[in-house]
>>> print(open('target07.txt').read())   # compact mmCIF, C-alpha atoms and all ligand atoms
# COMPACT_ATOMS: atom_id res chain seq x y z
CA MET A 1 15.28 -5.79 5.49
CA LEU A 2 16.80 -5.70 2.01
CA ASP A 3 18.68 -8.93 2.78
CA TYR A 4 15.48 -10.94 3.39
CA GLN A 5 15.52 -13.91 1.01
CA ALA A 6 11.97 -14.88 0.11
CA PRO A 7 11.43 -18.49 -0.92
CA GLN A 8 9.83 -18.75 -4.37
CA ASP A 9 6.62 -20.22 -2.92
CA LEU A 10 6.39 -17.74 0.00
CA LEU A 11 2.91 -16.49 -0.91
CA THR A 12 1.37 -19.57 -2.51
CA ASP A 13 -2.42 -19.66 -1.96
CA ARG A 14 -2.41 -16.13 -0.52
CA VAL A 15 -4.74 -13.45 -1.82
CA ILE A 16 -3.21 -9.97 -1.61
CA LEU A 17 -4.85 -6.64 -2.44
CA ILE A 18 -2.59 -3.74 -3.45
CA THR A 19 -3.73 -0.16 -4.00
CA GLY A 20 -1.94 1.97 -6.58
CA ALA A 21 -0.87 -1.25 -8.30
CA GLY A 22 -0.49 0.33 -11.73
CA ASP A 23 2.76 2.20 -11.18
CA GLY A 24 5.85 2.67 -9.04
CA ILE A 25 6.16 0.72 -5.80
CA GLY A 26 2.63 -0.71 -6.01
CA LYS A 27 3.31 -2.17 -9.46
CA ALA A 28 6.56 -3.75 -8.28
CA CYS A 29 4.74 -5.13 -5.23
CA ALA A 30 2.03 -6.69 -7.41
CA LEU A 31 4.58 -8.31 -9.72
CA SER A 32 6.73 -9.52 -6.85
CA CYS A 33 3.80 -10.97 -4.86
CA ALA A 34 2.52 -12.75 -7.98
CA ALA A 35 6.02 -14.08 -8.72
CA HIS A 36 6.02 -15.58 -5.21
CA GLY A 37 2.71 -17.36 -5.76
CA ALA A 38 0.05 -14.88 -4.62
CA THR A 39 -3.20 -14.08 -6.36
CA VAL A 40 -3.06 -10.30 -6.47
CA ILE A 41 -5.98 -7.89 -6.59
CA LEU A 42 -4.90 -4.83 -8.52
CA ILE A 43 -6.55 -1.59 -7.38
CA GLY A 44 -5.85 1.75 -9.02
CA ARG A 45 -7.36 4.69 -10.82
CA THR A 46 -5.88 4.27 -14.33
CA PRO A 47 -7.31 1.13 -16.00
CA SER A 48 -4.67 1.04 -18.78
CA LYS A 49 -1.86 0.87 -16.21
CA LEU A 50 -3.61 -1.91 -14.27
CA GLU A 51 -4.21 -3.81 -17.51
CA ALA A 52 -0.49 -3.64 -18.34
CA VAL A 53 0.38 -5.12 -14.93
CA TYR A 54 -2.34 -7.76 -15.36
CA ASP A 55 -0.91 -8.73 -18.77
CA GLU A 56 2.64 -8.90 -17.43
CA ILE A 57 1.54 -11.23 -14.61
CA GLU A 58 -0.42 -13.46 -16.99
CA ALA A 59 2.41 -13.58 -19.54
CA SER A 60 4.81 -14.66 -16.79
CA GLY A 61 2.57 -17.60 -15.90
CA PHE A 62 1.93 -16.39 -12.34
CA PRO A 63 -1.50 -16.91 -10.68
CA GLN A 64 -4.24 -15.05 -12.53
CA PRO A 65 -4.75 -11.64 -10.88
CA ALA A 66 -7.99 -9.69 -10.41
CA LEU A 67 -8.30 -6.20 -11.81
CA CYS A 68 -10.42 -3.59 -9.97
CA PRO A 69 -10.25 0.02 -11.19
CA LEU A 70 -11.23 2.28 -8.28
CA ASN A 71 -10.54 5.96 -7.80
CA LEU A 72 -9.81 6.36 -4.10
CA GLU A 73 -10.58 10.06 -4.29
CA THR A 74 -14.22 9.56 -5.26
CA ALA A 75 -14.98 6.05 -3.93
CA LEU A 76 -17.75 5.93 -1.32
CA GLU A 77 -18.11 3.51 1.58
CA LYS A 78 -20.58 1.46 -0.50
CA ASP A 79 -17.91 0.91 -3.18
CA TYR A 80 -15.59 -0.64 -0.60
CA VAL A 81 -18.39 -2.80 0.83
CA ASP A 82 -19.33 -3.97 -2.70
CA LEU A 83 -15.67 -4.79 -3.39
CA ALA A 84 -15.45 -6.79 -0.15
CA ASP A 85 -18.64 -8.70 -1.09
CA GLN A 86 -17.21 -9.54 -4.53
CA LEU A 87 -13.91 -10.69 -3.03
CA PHE A 88 -15.74 -12.75 -0.43
CA ASP A 89 -17.71 -14.54 -3.16
CA THR A 90 -14.60 -15.15 -5.27
CA PHE A 91 -11.88 -15.86 -2.71
CA GLY A 92 -13.56 -16.16 0.71
CA LYS A 93 -10.57 -14.52 2.46
CA LEU A 94 -7.87 -11.88 2.17
CA ASP A 95 -4.33 -12.67 3.36
CA GLY A 96 -2.69 -9.34 2.59
CA LEU A 97 -3.69 -5.70 2.17
CA VAL A 98 -1.15 -3.10 1.03
CA HIS A 99 -2.19 0.54 1.45
CA ASN A 100 0.22 1.90 -1.13
CA ALA A 101 -1.64 4.46 -3.28
CA ALA A 102 -1.00 8.05 -2.26
CA LEU A 103 -0.85 11.61 -3.50
CA LEU A 104 2.18 13.81 -2.88
CA GLY A 105 0.12 17.01 -2.97
CA PRO A 106 1.34 20.56 -2.49
CA ARG A 107 4.77 20.99 -0.93
CA THR A 108 4.69 24.44 0.56
CA LEU A 109 4.22 26.19 3.89
CA LEU A 110 1.24 24.57 5.63
CA ASP A 111 -0.51 27.92 5.88
CA ASN A 112 -0.35 28.22 2.08
CA VAL A 113 -2.11 24.90 1.47
CA LYS A 114 -5.52 25.36 -0.13
CA ALA A 115 -8.39 23.67 1.71
CA GLU A 116 -9.41 21.80 -1.44
CA ALA A 117 -5.92 20.30 -1.90
CA TRP A 118 -5.80 19.31 1.78
CA LEU A 119 -9.17 17.54 1.61
CA GLN A 120 -8.34 15.77 -1.67
CA LEU A 121 -5.09 14.43 -0.28
CA MET A 122 -6.66 13.30 3.02
CA GLN A 123 -9.36 11.48 1.05
CA VAL A 124 -6.79 9.40 -0.88
CA ASN A 125 -4.06 9.01 1.75
CA VAL A 126 -6.14 8.61 4.94
CA ASN A 127 -9.89 8.16 4.43
CA ALA A 128 -9.52 5.55 1.68
CA PRO A 129 -7.14 3.30 3.70
CA PHE A 130 -9.54 3.53 6.65
CA LEU A 131 -12.65 2.64 4.60
CA LEU A 132 -10.80 -0.12 2.76
CA SER A 133 -9.40 -1.61 6.00
CA LYS A 134 -12.82 -1.45 7.65
CA SER A 135 -14.60 -3.17 4.77
CA MET A 136 -11.92 -5.87 4.47
CA MET A 137 -11.85 -6.87 8.16
CA PRO A 138 -14.23 -9.85 7.76
CA LEU A 139 -12.12 -11.13 4.85
CA LEU A 140 -8.87 -10.58 6.77
CA ARG A 141 -10.33 -12.48 9.75
CA ALA A 142 -11.10 -15.40 7.44
CA ALA A 143 -7.38 -15.79 6.55
CA PRO A 144 -5.05 -17.83 8.78
CA ASP A 145 -2.51 -15.01 9.31
CA ALA A 146 -3.41 -11.81 7.51
CA SER A 147 -1.01 -8.89 7.12
CA VAL A 148 -1.89 -5.25 6.50
CA VAL A 149 0.96 -3.03 5.31
CA CYS A 150 0.58 0.74 5.48
CA VAL A 151 3.11 2.35 3.13
CA SER A 152 4.40 5.34 5.05
CA SER A 153 7.25 7.80 4.77
CA SER A 154 10.01 9.28 6.90
CA VAL A 155 7.97 12.51 7.05
CA GLY A 156 5.13 10.53 8.63
CA ARG A 157 7.36 9.79 11.60
CA LYS A 158 9.15 13.14 11.99
CA GLY A 159 7.50 16.25 10.58
CA ARG A 160 9.54 18.29 8.13
CA ALA A 161 8.98 21.78 6.74
CA TYR A 162 7.24 22.11 3.37
CA TRP A 163 6.04 18.50 3.23
CA GLY A 164 2.50 19.79 3.68
CA PRO A 165 -0.59 17.58 4.00
CA TYR A 166 1.41 14.58 2.70
CA ALA A 167 3.44 14.45 5.93
CA VAL A 168 0.34 14.94 8.08
CA SER A 169 -1.48 12.17 6.17
CA LYS A 170 1.34 9.71 6.78
CA PHE A 171 1.23 10.48 10.52
CA ALA A 172 -2.49 9.68 10.37
CA LEU A 173 -1.78 6.42 8.53
CA GLU A 174 0.80 5.47 11.18
CA GLY A 175 -1.80 6.28 13.86
CA MET A 176 -4.45 4.17 12.16
CA MET A 177 -1.96 1.31 11.90
CA GLN A 178 -1.15 1.51 15.63
CA VAL A 179 -4.79 1.57 16.74
CA PHE A 180 -5.78 -1.36 14.49
CA ALA A 181 -2.65 -3.27 15.57
CA ASP A 182 -3.38 -2.79 19.27
CA GLU A 183 -7.03 -3.79 18.81
CA GLN A 184 -6.12 -6.98 16.94
CA ASP A 185 -3.29 -7.90 19.32
CA GLY A 186 -4.36 -11.13 21.01
CA THR A 187 -7.86 -10.99 19.52
CA SER A 188 -7.19 -12.03 15.91
CA ALA A 189 -4.40 -13.26 13.66
CA ILE A 190 -4.35 -9.99 11.71
CA ARG A 191 -1.22 -7.87 11.97
CA PHE A 192 -0.90 -4.21 11.00
CA ASN A 193 2.51 -2.62 10.35
CA SER A 194 3.83 0.41 8.52
CA LEU A 195 6.67 0.38 6.04
CA ASN A 196 8.71 3.35 4.91
CA PRO A 197 10.08 2.47 1.46
CA GLY A 198 12.85 5.09 1.66
CA ALA A 199 13.97 7.01 -1.42
CA THR A 200 12.85 4.93 -4.42
CA ARG A 201 13.00 5.64 -8.16
CA THR A 202 9.37 6.47 -9.04
CA SER A 203 7.43 9.36 -10.52
CA MET A 204 6.47 10.52 -7.03
CA ARG A 205 10.13 10.72 -6.02
CA ALA A 206 10.94 12.62 -9.23
CA ALA A 207 8.12 15.09 -8.49
CA ALA A 208 9.36 15.60 -4.92
CA TYR A 209 13.03 15.97 -5.92
CA PRO A 210 13.09 17.31 -9.50
CA GLY A 211 16.80 18.11 -9.37
CA GLU A 212 17.90 14.66 -8.21
CA ALA A 213 19.53 12.09 -10.52
CA PRO A 214 17.03 9.18 -10.58
CA GLU A 215 19.85 6.57 -10.68
CA LYS A 216 20.78 7.65 -7.15
CA ASN A 217 17.86 5.64 -5.75
CA PRO A 218 16.96 1.94 -5.99
CA GLU A 219 14.28 0.74 -8.39
CA PRO A 220 11.00 -0.31 -6.73
CA ALA A 221 11.84 -3.98 -7.45
CA GLN A 222 14.97 -3.68 -5.29
CA ILE A 223 13.02 -2.84 -2.12
CA MET A 224 10.56 -5.74 -2.44
CA PRO A 225 12.23 -8.03 0.14
CA ALA A 226 10.69 -5.88 2.89
CA PHE A 227 7.20 -6.15 1.40
CA LEU A 228 7.55 -9.91 0.92
CA TYR A 229 8.76 -10.32 4.51
CA LEU A 230 5.76 -8.44 5.89
CA LEU A 231 3.25 -10.22 3.65
CA GLY A 232 4.54 -13.74 4.23
CA PRO A 233 4.40 -16.02 7.27
CA ASP A 234 7.93 -15.10 8.49
CA SER A 235 6.54 -11.87 9.97
CA LYS A 236 3.61 -13.57 11.76
CA ALA A 237 4.68 -12.25 15.16
CA VAL A 238 5.34 -8.68 13.97
CA ASN A 239 2.48 -6.31 14.81
CA GLY A 240 2.23 -2.57 15.36
CA GLN A 241 5.75 -1.87 14.11
CA ALA A 242 7.01 1.08 12.04
CA LEU A 243 9.60 -0.49 9.74
CA ASP A 244 11.98 0.71 7.04
CA ALA A 245 12.44 -1.10 3.73
CA GLN A 246 15.99 0.16 3.22
P1 LIG B 301 3.73 6.76 -7.65
O1 LIG B 301 4.69 6.19 -8.62
O2 LIG B 301 3.21 8.14 -7.81
O3 LIG B 301 2.52 5.74 -7.51
C1 LIG B 301 1.39 6.07 -6.75
C2 LIG B 301 0.27 5.14 -7.12
O4 LIG B 301 -0.91 5.57 -6.42
C3 LIG B 301 -0.04 5.18 -8.61
O5 LIG B 301 -0.29 3.88 -9.09
C4 LIG B 301 -1.31 6.03 -8.64
O6 LIG B 301 -2.18 5.73 -9.71
C5 LIG B 301 -1.98 5.62 -7.34
N1 LIG B 301 -3.00 6.59 -6.96
C6 LIG B 301 -2.84 7.91 -6.75
N2 LIG B 301 -4.04 8.48 -6.53
C7 LIG B 301 -4.96 7.50 -6.60
C8 LIG B 301 -6.37 7.46 -6.50
N3 LIG B 301 -7.10 8.56 -6.30
N4 LIG B 301 -7.01 6.28 -6.63
C9 LIG B 301 -6.30 5.15 -6.88
N5 LIG B 301 -4.96 5.12 -7.01
C10 LIG B 301 -4.30 6.29 -6.87
O7 LIG B 301 4.35 6.75 -6.18
P2 LIG B 301 5.33 5.73 -5.44
O8 LIG B 301 6.61 6.43 -5.25
O9 LIG B 301 5.29 4.40 -6.07
O10 LIG B 301 4.62 5.69 -4.01
C11 LIG B 301 4.01 4.53 -3.46
C12 LIG B 301 3.90 4.72 -1.96
O11 LIG B 301 5.21 4.85 -1.41
C13 LIG B 301 3.15 5.97 -1.55
O12 LIG B 301 2.36 5.69 -0.41
C14 LIG B 301 4.25 6.95 -1.18
O13 LIG B 301 3.80 7.91 -0.26
C15 LIG B 301 5.27 6.01 -0.58
N6 LIG B 301 6.65 6.52 -0.57
C16 LIG B 301 7.38 6.61 -1.71
C17 LIG B 301 8.71 7.04 -1.66
C18 LIG B 301 9.56 7.14 -2.89
O14 LIG B 301 10.73 7.56 -2.77
N7 LIG B 301 9.08 6.79 -4.06
C19 LIG B 301 9.28 7.39 -0.42
C20 LIG B 301 8.51 7.29 0.73
C21 LIG B 301 7.20 6.84 0.65
P3 LIG B 301 -1.89 6.31 -11.19
O15 LIG B 301 -0.65 5.59 -11.65
O16 LIG B 301 -3.07 5.92 -11.94
O17 LIG B 301 -1.67 7.76 -11.04
>>> encode(input="target07.txt", output="structure tokens")
Amino acid sequence: MLDYQAPQDLLTDRVILITGAGDGIGKACALSCAAHGATVILIGRTPSKLEAVYDEIEASGFPQPALCPLNLETALEKDYVDLADQLFDTFGKLDGLVHNAALLGPRTLLDNVKAEAWLQLMQVNVNAPFLLSKSMMPLLRAAPDASVVCVSSSVGRKGRAYWGPYAVSKFALEGMMQVFADEQDGTSAIRFNSLNPGATRTSMRAAAYPGEAPEKNPEPAQIMPAFLYLLGPDSKAVNGQALDAQ
């Protein structure tokens, strides 16, 4: 999908929410969506990082974004419902939702994983995407062709030793995507797909592969064609698919 050529106005008039928008792939996604005309809603846990992305978008003259600090580890269902209410009042619809934020967590034998670390990771990587999807459904239904992108991983499609709760959480995300996709098939214009970014130069990649030369992998900006394809109208007919960005 790296050869997808997005027209400059691909996402004009679209409202797109991205979690983990302050760093790595989520930041690149926010900048790229804004550059293609979208109003982006920046969700993340570190306000200073979100503010930097907000400023970069504004300075570039792209549509004014919305900034919503939210810690997905501690957010309760009411926080997601309140967010949906605010977005409904401001925008009236949501055209795109990117479940990007995630924790890498402990990489060790599964039987060595502490219960606390397991639960923390499942809260961010699985429970938060579910609660966010659920609360945003009325807004997604109000858009002409909404797209939900679940950012997955190769270890969410084939289990691998020592990838711990991270791998299990990505399987759960893939499962959630499939169930939502099947439920919406033929009943709404909302599509749900998963996207495996592949090895990408971010702090999560560096934490997972400390011995690897970072230059070996593409920058987040280089894998954006796949995100743009899934968030724009060219992927209207694509639903329930597990795709690879590279
Ligand atoms: P990253 O650089 O570590 O970025 C992760 C983002 O998630 C950060 O913005 C982080 O916020 C946010 N986040 C973490 N916990 C959060 C919480 N409790 N509440 C709100 N936001 C939270 O990682 P990345 O490499 O860009 O990863 C993005 C996605 O791609 C993830 O789903 C990852 O599993 C997937 N992925 C990445 C690769 C790769 O090679 N990089 C490969 C396969 C899949 P802070 O910046 O504030 O910490």
>>> axis_aligned_box(input="target07.txt", around="segment 139-157 of chain A", padding_each_side="8 Å", output="AutoDock Vina command-line options")
--center_x -1.1 --center_y -2.7 --center_z 7.4 --size_x 38.1 --size_y 46.3 --size_z 24.5
>>> closest_residue(input="target07.txt", among="A:Lys170, A:Lys236, A:Arg191, A:Lys158", to="ligand LIG 301 (chain B)", atoms="only C-alpha atoms and all ligand atoms")
A:Lys170
>>> residues_near_ligand(input="target07.txt", ligand="ligand LIG 301 (chain B)", cutoff="6 Å", atoms="all atoms listed in the file", output="count of residues only")
32
>>> closest_residue(input="target07.txt", among="A:Leu109, A:Met176, A:Val148, A:Leu131", to="Arg160 of chain A", atoms="all atoms listed in the file")
A:Leu109
>>> atom_distance(input="target07.txt", atom1="atom CA of Ala161 of chain A", atom2="atom CA of Pro214 of chain A")
22.9 Å
>>> atom_distance(input="target07.txt", atom1="atom CA of Met224 of chain A", atom2="atom CA of Asp3 of chain A")
10.2 Å
>>> closest_residue(input="target07.txt", among="A:Phe130, A:Tyr209, A:Phe171, A:Val98", to="Leu230 of chain A", atoms="only C-alpha atoms")
A:Val98
>>> residues_around(input="target07.txt", residues="segment 91-97 of chain A", least_positions_apart="2", cutoff="7 Å", atoms="all atoms listed in the file", output="MDAnalysis selection string")
chainID A and resid 14:18 87:89 99 139:140 142:143 145:149 231
>>> residues_around(input="target07.txt", residues="Pro106 of chain A", least_positions_apart="2", cutoff="8 Å", atoms="all atoms listed in the file", output="list of chain:residue names")
A:Leu104, A:Thr108, A:Val113, A:Ala117, A:Trp163, A:Gly164, A:Pro165, A:Tyr166
>>> write_last_selection(input="target07.txt", atoms="C-alpha atoms", output="PDB file, in the frame of the given file")
ATOM      1  CA  LEU A 104       2.180  13.810  -2.880  1.00  0.00           C
ATOM      2  CA  THR A 108       4.690  24.440   0.560  1.00  0.00           C
ATOM      3  CA  VAL A 113      -2.110  24.900   1.470  1.00  0.00           C
ATOM      4  CA  ALA A 117      -5.920  20.300  -1.900  1.00  0.00           C
ATOM      5  CA  TRP A 163       6.040  18.500   3.230  1.00  0.00           C
ATOM      6  CA  GLY A 164       2.500  19.790   3.680  1.00  0.00           C
ATOM      7  CA  PRO A 165      -0.590  17.580   4.000  1.00  0.00           C
ATOM      8  CA  TYR A 166       1.410  14.580   2.700  1.00  0.00           C
TER       9      TYR A 166
END
>>> atom_distance(input="target07.txt", atom1="atom CA of Asn125 of chain A", atom2="atom CA of Ser169 of chain A")
6.0 Å
